[in-house]
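Below is the file input_7.pdb, which contains PDB, C-alpha atoms, pLDDT in the B column.
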```pdb
ATOM      1  CA  MET R  28     249.559 106.432 118.367  1.00 78.00           C
ATOM      2  CA  ASP R  29     251.146 104.333 121.153  1.00 82.00           C
ATOM      3  CA  LYS R  30     252.584 101.870 118.610  1.00 86.00           C
ATOM      4  CA  LEU R  31     254.076 104.734 116.581  1.00 83.00           C
ATOM      5  CA  GLY R  32     255.451 106.468 119.626  1.00 83.00           C
ATOM      6  CA  LYS R  33     253.332 109.524 118.964  1.00 77.00           C
ATOM      7  CA  LEU R  34     251.205 111.604 121.275  1.00 72.00           C
ATOM      8  CA  ARG R  35     247.628 110.533 121.639  1.00 71.00           C
ATOM      9  CA  GLY R  36     245.102 112.896 120.135  1.00 66.00           C
ATOM     10  CA  LEU R  37     246.922 113.633 116.883  1.00 69.00           C
ATOM     11  CA  ILE R  38     244.193 111.596 115.232  1.00 74.00           C
ATOM     12  CA  ALA R  39     240.817 111.731 116.893  1.00 72.00           C
ATOM     13  CA  TYR R  40     237.107 111.986 116.345  1.00 74.00           C
ATOM     14  CA  ALA R  41     235.979 115.596 116.496  1.00 75.00           C
ATOM     15  CA  THR R  42     233.077 117.715 115.447  1.00 77.00           C
ATOM     16  CA  LEU R  43     233.574 120.791 113.292  1.00 82.00           C
ATOM     17  CA  SER R  44     232.767 122.922 116.315  1.00 82.00           C
ATOM     18  CA  GLU R  45     235.462 121.174 118.393  1.00 82.00           C
ATOM     19  CA  TYR R  46     238.021 121.524 115.606  1.00 81.00           C
ATOM     20  CA  SER R  47     237.290 125.223 115.132  1.00 87.00           C
ATOM     21  CA  SER R  48     237.502 125.865 118.873  1.00 86.00           C
ATOM     22  CA  ASN R  49     240.813 124.018 119.224  1.00 83.00           C
ATOM     23  CA  MET R  50     242.318 125.757 116.178  1.00 85.00           C
ATOM     24  CA  SER R  51     241.257 129.102 117.595  1.00 88.00           C
ATOM     25  CA  LEU R  52     242.983 128.192 120.859  1.00 85.00           C
ATOM     26  CA  ALA R  53     246.190 126.991 119.132  1.00 85.00           C
ATOM     27  CA  THR R  54     246.472 130.106 116.923  1.00 89.00           C
ATOM     28  CA  ASP R  55     245.346 132.681 119.490  1.00 85.00           C
ATOM     29  CA  GLU R  56     242.102 133.190 117.552  1.00 84.00           C
ATOM     30  CA  GLY R  57     243.923 133.229 114.203  1.00 85.00           C
ATOM     31  CA  ARG R  58     246.483 135.882 115.107  1.00 86.00           C
ATOM     32  CA  THR R  59     249.487 133.500 115.031  1.00 88.00           C
ATOM     33  CA  ALA R  60     250.612 130.214 113.534  1.00 89.00           C
ATOM     34  CA  VAL R  61     249.747 127.033 115.391  1.00 84.00           C
ATOM     35  CA  GLN R  62     251.486 127.037 118.773  1.00 84.00           C
ATOM     36  CA  PRO R  63     251.594 123.552 120.331  1.00 80.00           C
ATOM     37  CA  SER R  64     252.391 125.050 123.714  1.00 83.00           C
ATOM     38  CA  ARG R  65     248.946 126.619 123.785  1.00 84.00           C
ATOM     39  CA  VAL R  66     247.199 123.229 123.617  1.00 81.00           C
ATOM     40  CA  ARG R  67     249.628 120.875 125.427  1.00 80.00           C
ATOM     41  CA  ASN R  68     251.396 120.921 128.740  1.00 81.00           C
ATOM     42  CA  GLU R  69     255.101 120.134 129.122  1.00 77.00           C
ATOM     43  CA  ASP R  70     254.277 116.484 129.887  1.00 77.00           C
ATOM     44  CA  GLY R  71     252.361 116.200 126.593  1.00 71.00           C
ATOM     45  CA  SER R  72     248.877 116.211 128.102  1.00 78.00           C
ATOM     46  CA  PHE R  73     246.206 118.520 126.722  1.00 78.00           C
ATOM     47  CA  VAL R  74     245.458 121.774 128.461  1.00 82.00           C
ATOM     48  CA  PRO R  75     242.062 121.888 130.225  1.00 80.00           C
ATOM     49  CA  ALA R  76     240.689 124.312 127.622  1.00 80.00           C
ATOM     50  CA  ILE R  77     241.102 121.851 124.758  1.00 80.00           C
ATOM     51  CA  ARG R  78     237.883 120.243 123.600  1.00 76.00           C
ATOM     52  CA  HIS R  79     237.697 116.458 123.162  1.00 71.00           C
ATOM     53  CA  PHE R  80     235.130 114.216 121.609  1.00 68.00           C
ATOM     54  CA  ASN R  81     232.946 112.970 124.440  1.00 67.00           C
ATOM     55  CA  TRP R  82     230.881 109.853 123.883  1.00 67.00           C
ATOM     56  CA  ARG R  83     228.324 111.164 126.360  1.00 67.00           C
ATOM     57  CA  ILE R  84     227.092 113.665 123.754  1.00 66.00           C
ATOM     58  CA  VAL R  85     225.619 110.706 121.884  1.00 67.00           C
ATOM     59  CA  PHE R  86     223.193 110.227 124.752  1.00 73.00           C
ATOM     60  CA  ARG R  87     221.870 113.755 124.855  1.00 76.00           C
ATOM     61  CA  PRO R  88     218.056 113.947 125.309  1.00 83.00           C
ATOM     62  CA  ARG R  89     217.516 115.008 121.695  1.00 84.00           C
ATOM     63  CA  ILE R  90     219.603 112.126 120.346  1.00 82.00           C
ATOM     64  CA  VAL R  91     217.815 109.654 122.614  1.00 84.00           C
ATOM     65  CA  PHE R  92     214.442 111.042 121.491  1.00 89.00           C
ATOM     66  CA  TYR R  93     215.355 110.636 117.799  1.00 89.00           C
ATOM     67  CA  ALA R  94     216.680 107.120 118.427  1.00 89.00           C
ATOM     68  CA  VAL R  95     213.468 106.101 120.199  1.00 92.00           C
ATOM     69  CA  ALA R  96     211.330 107.693 117.449  1.00 94.00           C
ATOM     70  CA  TRP R  97     213.174 105.952 114.608  1.00 93.00           C
ATOM     71  CA  GLY R  98     213.253 102.714 116.587  1.00 93.00           C
ATOM     72  CA  SER R  99     209.473 102.909 117.005  1.00 93.00           C
ATOM     73  CA  VAL R 100     209.060 103.449 113.256  1.00 93.00           C
ATOM     74  CA  GLY R 101     211.236 100.418 112.570  1.00 92.00           C
ATOM     75  CA  VAL R 102     209.283  98.229 115.000  1.00 91.00           C
ATOM     76  CA  ALA R 103     205.986  99.395 113.485  1.00 90.00           C
ATOM     77  CA  MET R 104     207.218  98.474 109.988  1.00 87.00           C
ATOM     78  CA  LEU R 105     208.345  95.035 111.153  1.00 84.00           C
ATOM     79  CA  VAL R 106     204.992  94.409 112.835  1.00 81.00           C
ATOM     80  CA  HIS R 107     203.189  95.528 109.678  1.00 71.00           C
ATOM     81  CA  LEU R 108     205.272  93.168 107.535  1.00 66.00           C
ATOM     82  CA  ALA R 109     204.764  90.293 109.961  1.00 63.00           C
ATOM     83  CA  PHE R 110     200.983  90.643 110.015  1.00 63.00           C
ATOM     84  CA  ARG R 111     200.295  91.872 106.498  1.00 63.00           C
ATOM     85  CA  GLU R 112     197.887  90.043 104.267  1.00 65.00           C
ATOM     86  CA  ARG R 113     199.674  87.435 102.173  1.00 79.00           C
ATOM     87  CA  LEU R 114     196.933  87.214  99.574  1.00 87.00           C
ATOM     88  CA  GLU R 115     195.235  90.213  98.004  1.00 90.00           C
ATOM     89  CA  LEU R 116     192.504  90.631  95.405  1.00 91.00           C
ATOM     90  CA  ASN R 117     191.683  93.749  93.398  1.00 92.00           C
ATOM     91  CA  VAL R 118     188.819  93.928  90.926  1.00 93.00           C
ATOM     92  CA  VAL R 119     188.046  96.483  88.215  1.00 93.00           C
ATOM     93  CA  HIS R 120     184.634  96.414  86.540  1.00 93.00           C
ATOM     94  CA  ASP R 121     184.595  96.983  82.777  1.00 90.00           C
ATOM     95  CA  ARG R 122     183.345 100.487  82.038  1.00 88.00           C
ATOM     96  CA  ASN R 123     182.626 100.074  78.346  1.00 86.00           C
ATOM     97  CA  PRO R 124     180.352  98.247  77.923  1.00 86.00           C
ATOM     98  CA  GLN R 125     179.115  97.956  81.507  1.00 86.00           C
ATOM     99  CA  TYR R 126     177.003  94.955  80.566  1.00 87.00           C
ATOM    100  CA  VAL R 127     176.214  92.806  77.526  1.00 89.00           C
ATOM    101  CA  LEU R 128     172.807  91.310  76.752  1.00 88.00           C
ATOM    102  CA  GLU R 129     173.204  87.757  75.445  1.00 87.00           C
ATOM    103  CA  SER R 130     170.909  86.168  72.808  1.00 87.00           C
ATOM    104  CA  ASP R 131     169.222  83.992  75.463  1.00 85.00           C
ATOM    105  CA  GLY R 132     168.391  87.017  77.599  1.00 85.00           C
ATOM    106  CA  SER R 133     171.300  86.536  80.008  1.00 88.00           C
ATOM    107  CA  LEU R 134     173.373  89.492  81.161  1.00 90.00           C
ATOM    108  CA  ARG R 135     177.161  89.441  81.127  1.00 91.00           C
ATOM    109  CA  ASN R 136     179.511  91.724  83.025  1.00 93.00           C
ATOM    110  CA  GLY R 137     183.273  91.838  82.540  1.00 94.00           C
ATOM    111  CA  TYR R 138     185.877  92.245  85.279  1.00 95.00           C
ATOM    112  CA  THR R 139     189.640  92.396  85.503  1.00 94.00           C
ATOM    113  CA  LEU R 140     190.963  90.535  88.548  1.00 94.00           C
ATOM    114  CA  ARG R 141     194.420  91.139  89.963  1.00 94.00           C
ATOM    115  CA  ILE R 142     195.598  88.419  92.342  1.00 92.00           C
ATOM    116  CA  LEU R 143     198.632  89.346  94.436  1.00 92.00           C
ATOM    117  CA  ASN R 144     200.552  86.439  95.969  1.00 90.00           C
ATOM    118  CA  MET R 145     202.799  87.919  98.673  1.00 86.00           C
ATOM    119  CA  VAL R 146     204.709  84.783  99.624  1.00 84.00           C
ATOM    120  CA  PRO R 147     207.995  83.624  98.038  1.00 86.00           C
ATOM    121  CA  THR R 148     206.542  80.342  96.782  1.00 87.00           C
ATOM    122  CA  PRO R 149     204.059  79.576  93.989  1.00 88.00           C
ATOM    123  CA  ARG R 150     200.628  78.344  94.996  1.00 89.00           C
ATOM    124  CA  ASP R 151     197.229  77.430  93.652  1.00 90.00           C
ATOM    125  CA  VAL R 152     194.318  79.554  94.814  1.00 91.00           C
ATOM    126  CA  ASN R 153     190.604  79.131  94.334  1.00 92.00           C
ATOM    127  CA  ILE R 154     188.530  82.034  92.978  1.00 92.00           C
ATOM    128  CA  SER R 155     184.771  81.674  93.423  1.00 93.00           C
ATOM    129  CA  LEU R 156     181.490  83.579  93.296  1.00 93.00           C
ATOM    130  CA  VAL R 157     179.492  84.042  96.479  1.00 91.00           C
ATOM    131  CA  GLY R 158     175.989  85.405  96.087  1.00 87.00           C
ATOM    132  CA  LEU R 159     174.287  86.459  92.848  1.00 86.00           C
ATOM    133  CA  GLU R 160     171.991  83.483  92.460  1.00 84.00           C
ATOM    134  CA  GLY R 161     172.147  81.734  89.099  1.00 84.00           C
ATOM    135  CA  ALA R 162     175.382  83.443  88.012  1.00 90.00           C
ATOM    136  CA  THR R 163     178.454  81.723  86.627  1.00 92.00           C
ATOM    137  CA  MET R 164     181.819  83.008  85.510  1.00 92.00           C
ATOM    138  CA  ARG R 165     184.146  82.318  82.638  1.00 92.00           C
ATOM    139  CA  ILE R 166     187.888  82.900  82.392  1.00 91.00           C
ATOM    140  CA  PRO R 167     188.746  83.013  78.650  1.00 90.00           C
ATOM    141  CA  GLU R 168     192.324  81.804  79.073  1.00 86.00           C
ATOM    142  CA  PHE R 169     190.981  78.680  80.827  1.00 85.00           C
ATOM    143  CA  GLY R 170     188.613  77.871  77.955  1.00 83.00           C
ATOM    144  CA  LYS R 171     184.890  78.314  77.430  1.00 79.00           C
ATOM    145  CA  GLU R 172     183.755  76.476  80.549  1.00 86.00           C
ATOM    146  CA  ASP R 173     181.329  78.287  82.871  1.00 89.00           C
ATOM    147  CA  ALA R 174     181.517  77.575  86.598  1.00 91.00           C
ATOM    148  CA  ARG R 175     181.099  79.124  90.019  1.00 91.00           C
ATOM    149  CA  SER R 176     184.781  78.627  90.905  1.00 91.00           C
ATOM    150  CA  PHE R 177     188.175  78.126  89.290  1.00 92.00           C
ATOM    151  CA  THR R 178     191.645  77.215  90.491  1.00 91.00           C
ATOM    152  CA  VAL R 179     194.323  79.722  89.529  1.00 90.00           C
ATOM    153  CA  HIS R 180     198.099  79.285  89.714  1.00 90.00           C
ATOM    154  CA  ALA R 181     199.744  82.280  91.404  1.00 88.00           C
ATOM    155  CA  GLU R 182     203.442  82.951  90.911  1.00 90.00           C
ATOM    156  CA  PRO R 183     205.595  83.824  93.972  1.00 89.00           C
ATOM    157  CA  ASP R 184     205.785  87.489  94.990  1.00 88.00           C
ATOM    158  CA  ALA R 185     203.924  88.489  91.846  1.00 91.00           C
ATOM    159  CA  ALA R 186     200.573  89.670  90.577  1.00 91.00           C
ATOM    160  CA  THR R 187     198.424  87.504  88.318  1.00 91.00           C
ATOM    161  CA  THR R 188     195.907  89.352  86.131  1.00 93.00           C
ATOM    162  CA  LEU R 189     192.821  87.588  84.789  1.00 92.00           C
ATOM    163  CA  LYS R 190     189.898  88.613  82.614  1.00 94.00           C
ATOM    164  CA  VAL R 191     186.657  87.260  84.065  1.00 93.00           C
ATOM    165  CA  PHE R 192     183.149  87.353  82.612  1.00 94.00           C
ATOM    166  CA  VAL R 193     180.215  86.853  84.976  1.00 93.00           C
ATOM    167  CA  THR R 194     176.938  85.792  83.346  1.00 92.00           C
ATOM    168  CA  ARG R 195     173.568  85.761  85.044  1.00 89.00           C
ATOM    169  CA  LYS R 196     170.334  84.395  83.671  1.00 83.00           C
ATOM    170  CA  PRO R 197     167.166  86.423  84.256  1.00 75.00           C
ATOM    171  CA  THR R 198     165.859  85.604  87.745  1.00 69.00           C
ATOM    172  CA  GLY R 199     163.853  88.675  88.705  1.00 64.00           C
ATOM    173  CA  ALA R 200     166.006  89.070  91.821  1.00 63.00           C
ATOM    174  CA  ALA R 201     166.844  92.642  92.751  1.00 64.00           C
ATOM    175  CA  ILE R 202     170.173  91.843  94.445  1.00 69.00           C
ATOM    176  CA  ASN R 203     172.994  92.849  92.107  1.00 82.00           C
ATOM    177  CA  GLU R 204     175.963  92.601  94.463  1.00 88.00           C
ATOM    178  CA  PHE R 205     178.176  89.593  95.062  1.00 92.00           C
ATOM    179  CA  LEU R 206     181.601  88.605  96.327  1.00 93.00           C
ATOM    180  CA  PHE R 207     184.677  87.386  94.533  1.00 94.00           C
ATOM    181  CA  VAL R 208     186.303  85.096  97.116  1.00 93.00           C
ATOM    182  CA  LEU R 209     189.954  84.105  96.828  1.00 92.00           C
ATOM    183  CA  GLU R 210     191.177  81.269  99.049  1.00 90.00           C
ATOM    184  CA  ASP R 211     194.284  79.203  99.591  1.00 86.00           C
ATOM    185  CA  THR R 212     193.247  76.360 101.856  1.00 72.00           C
ATOM    186  CA  ASP R 213     196.820  75.120 102.305  1.00 77.00           C
ATOM    187  CA  HIS R 214     197.880  78.382 103.986  1.00 67.00           C
ATOM    188  CA  ALA R 215     194.488  79.470 105.342  1.00 76.00           C
ATOM    189  CA  ASP R 216     194.762  82.741 103.427  1.00 85.00           C
ATOM    190  CA  ARG R 217     191.615  84.423 102.159  1.00 87.00           C
ATOM    191  CA  ALA R 218     190.720  87.632 100.348  1.00 90.00           C
ATOM    192  CA  THR R 219     187.348  88.971  99.222  1.00 91.00           C
ATOM    193  CA  TYR R 220     186.087  91.751  97.004  1.00 93.00           C
ATOM    194  CA  ARG R 221     182.511  93.041  96.878  1.00 93.00           C
ATOM    195  CA  ALA R 222     181.546  93.717  93.284  1.00 93.00           C
ATOM    196  CA  ALA R 223     178.466  95.074  91.530  1.00 90.00           C
ATOM    197  CA  PHE R 224     176.659  93.317  88.691  1.00 90.00           C
ATOM    198  CA  ASN R 225     175.221  95.917  86.321  1.00 87.00           C
ATOM    199  CA  ALA R 226     171.829  95.451  84.653  1.00 82.00           C
ATOM    200  CA  PRO R 227     169.865  97.751  82.313  1.00 79.00           C
ATOM    201  CA  GLY R 228     167.843  99.291  85.144  1.00 69.00           C
ATOM    202  CA  ASP R 229     170.994 100.087  87.132  1.00 61.00           C
ATOM    203  CA  ILE R 230     172.604 102.378  84.527  1.00 52.00           C
ATOM    204  CA  LYS R 231     171.697 106.049  84.743  1.00 47.00           C
TER     205      LYS R 231
END
```
Would you mind giving the structure from this file in structure tokens?
Amino acid sequence: MDKLGKLRGLIAYATLSEYSSNMSLATDEGRTAVQPSRVRNEDGSFVPAIRHFNWRIVFRPRIVFYAVAWGSVGVAMLVHLAFRERLELNVVHDRNPQYVLESDGSLRNGYTLRILNMVPTPRDVNISLVGLEGATMRIPEFGKEDARSFTVHAEPDAATTLKVFVTRKPTGAAINEFLFVLEDTDHADRATYRAAFNAPGDIK
């Protein structure tokens, strides 16, 4: 406004309430056309009754409370992201059939493993069985080899889904629970999942 040689305040920040109040003052509550003399003095300054945008309203208690609340939510989200698990393992047991009896008397259970790599770089992780004495697992897409552990390539920021068959020879042991353990030794990340191994006596 100074550069254009105009009065300050012709363009300003204002709330709808301020605008309505000032228009009511300039038009004598709508009874006349806009009368500049009702809002400005002879020297061009605003009359005391005119309402201006005041930056102090930004710091009202309610605004400060909302700012602190939203700021706390933002900090909590950042903390959660900073300390979240970078490696996750989910396991779903096959429901039909829940187990298969092999010709040599061994029992086989099927599982679907979902490995979630939450870092922006690819990495190799080791999936292994812990517990369940005498059991081995097979991952069909890796061939027909049976082992207690396999190395799996995990793509960055993506989920890798694998079909896994766990086979256990008859041992007479009553313990039918075990752990799938997922580890990345290079990054010290580890995830586990406690799974059940179904046998004929376990199905009701």
### Task
Pick out the residues sitting within 7 Å of Ala185 (chain R), and hand them over as a list of chain:residue names; count all atoms listed in the file, and ignore anything fewer than 4 positions along from it in its own chain.
R:Leu143, R:Asn144, R:Met145
### Message
Once the PyMOL selection byres ((chain R and resi 193) around 10) is applied to the coordinates I shared, what remains selected? I want it as a list in words.
### Response
Tyr126, Leu134, Arg135, Asn136, Gly137, Tyr138, Leu156, Leu159, Ala162, Thr163, Met164, Arg165, Ile166, Asp173, Ala174, Arg175, Val191, Phe192, Thr194, Arg195 and Phe224 of chain R
### Query
Which residue out of R:Leu209, R:Glu182, R:Leu128, R:Arg35 has the minimum interatomic distance to Gly71 (chain R) when all atoms listed in the file are used?
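Closest to Gly71 (chain R), using all atoms listed in the file: R:Arg35.
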### Message
To test your reading of the syntax: which residues would the PyMOL selection byres ((chain R and resi 187) around 12) return for the file shown? Reply as a ChimeraX atom specification.
### Response
/R:114-118,139-145,149-152,179-186,188-190
Can you spit out the residues from that selection as a short mmCIF file (atom, residue, chain, number, x, y, z; two decimals), in the coordinates of the input, using C-alpha atoms?
```
data_model
loop_
_atom_site.label_atom_id
_atom_site.label_comp_id
_atom_site.auth_asym_id
_atom_site.auth_seq_id
_atom_site.Cartn_x
_atom_site.Cartn_y
_atom_site.Cartn_z
CA LEU R 114 196.93 87.21 99.57
CA GLU R 115 195.24 90.21 98.00
CA LEU R 116 192.50 90.63 95.40
CA ASN R 117 191.68 93.75 93.40
CA VAL R 118 188.82 93.93 90.93
CA THR R 139 189.64 92.40 85.50
CA LEU R 140 190.96 90.54 88.55
CA ARG R 141 194.42 91.14 89.96
CA ILE R 142 195.60 88.42 92.34
CA LEU R 143 198.63 89.35 94.44
CA ASN R 144 200.55 86.44 95.97
CA MET R 145 202.80 87.92 98.67
CA PRO R 149 204.06 79.58 93.99
CA ARG R 150 200.63 78.34 95.00
CA ASP R 151 197.23 77.43 93.65
CA VAL R 152 194.32 79.55 94.81
CA VAL R 179 194.32 79.72 89.53
CA HIS R 180 198.10 79.28 89.71
CA ALA R 181 199.74 82.28 91.40
CA GLU R 182 203.44 82.95 90.91
CA PRO R 183 205.60 83.82 93.97
CA ASP R 184 205.78 87.49 94.99
CA ALA R 185 203.92 88.49 91.85
CA ALA R 186 200.57 89.67 90.58
CA THR R 188 195.91 89.35 86.13
CA LEU R 189 192.82 87.59 84.79
CA LYS R 190 189.90 88.61 82.61
#
```
### Task
Check the smallest atom-to-atom distance from each of R:Glu160, R:Asp70, R:Glu210, R:Glu172 to Lys196 (chain R) using all atoms listed in the file, then report the winner.
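For Lys196 (chain R), the nearest of the candidates is R:Glu160.
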### Task
Using only C-alpha atoms, find the one residue out of R:Ile154, R:Ala226, R:Ala60, R:Met50 that sits nearest to Val208 (chain R).
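Residue with the minimum atom-to-atom distance to Val208 (chain R): R:Ile154.
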### Task
Name the closest residue to Ala223 (chain R) among the candidates R:Met104, R:Thr178, R:Lys171, R:Asp121; distances are taken between atoms, counting all atoms listed in the file.
R:Asp121
### Task
Could you jot down the CA of Ser51 (chain R) to CA of Phe73 (chain R) separation for me, Å, one decimal place?
14.8 Å
### Message
I want to know what sits within 10 Å of Arg78 (chain R), based on all atoms listed in the file, with residues of the same chain fewer than 2 positions away left out; could you give that as a ChimeraX atom specification?
### Response
/R:41-42,44-49,52,66,73-76,80-81
### Query
CA of Arg113 (chain R) to CA of Asn203 (chain R): how many Å, to one decimal?
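Here the two named atoms are 29.0 Å from each other.
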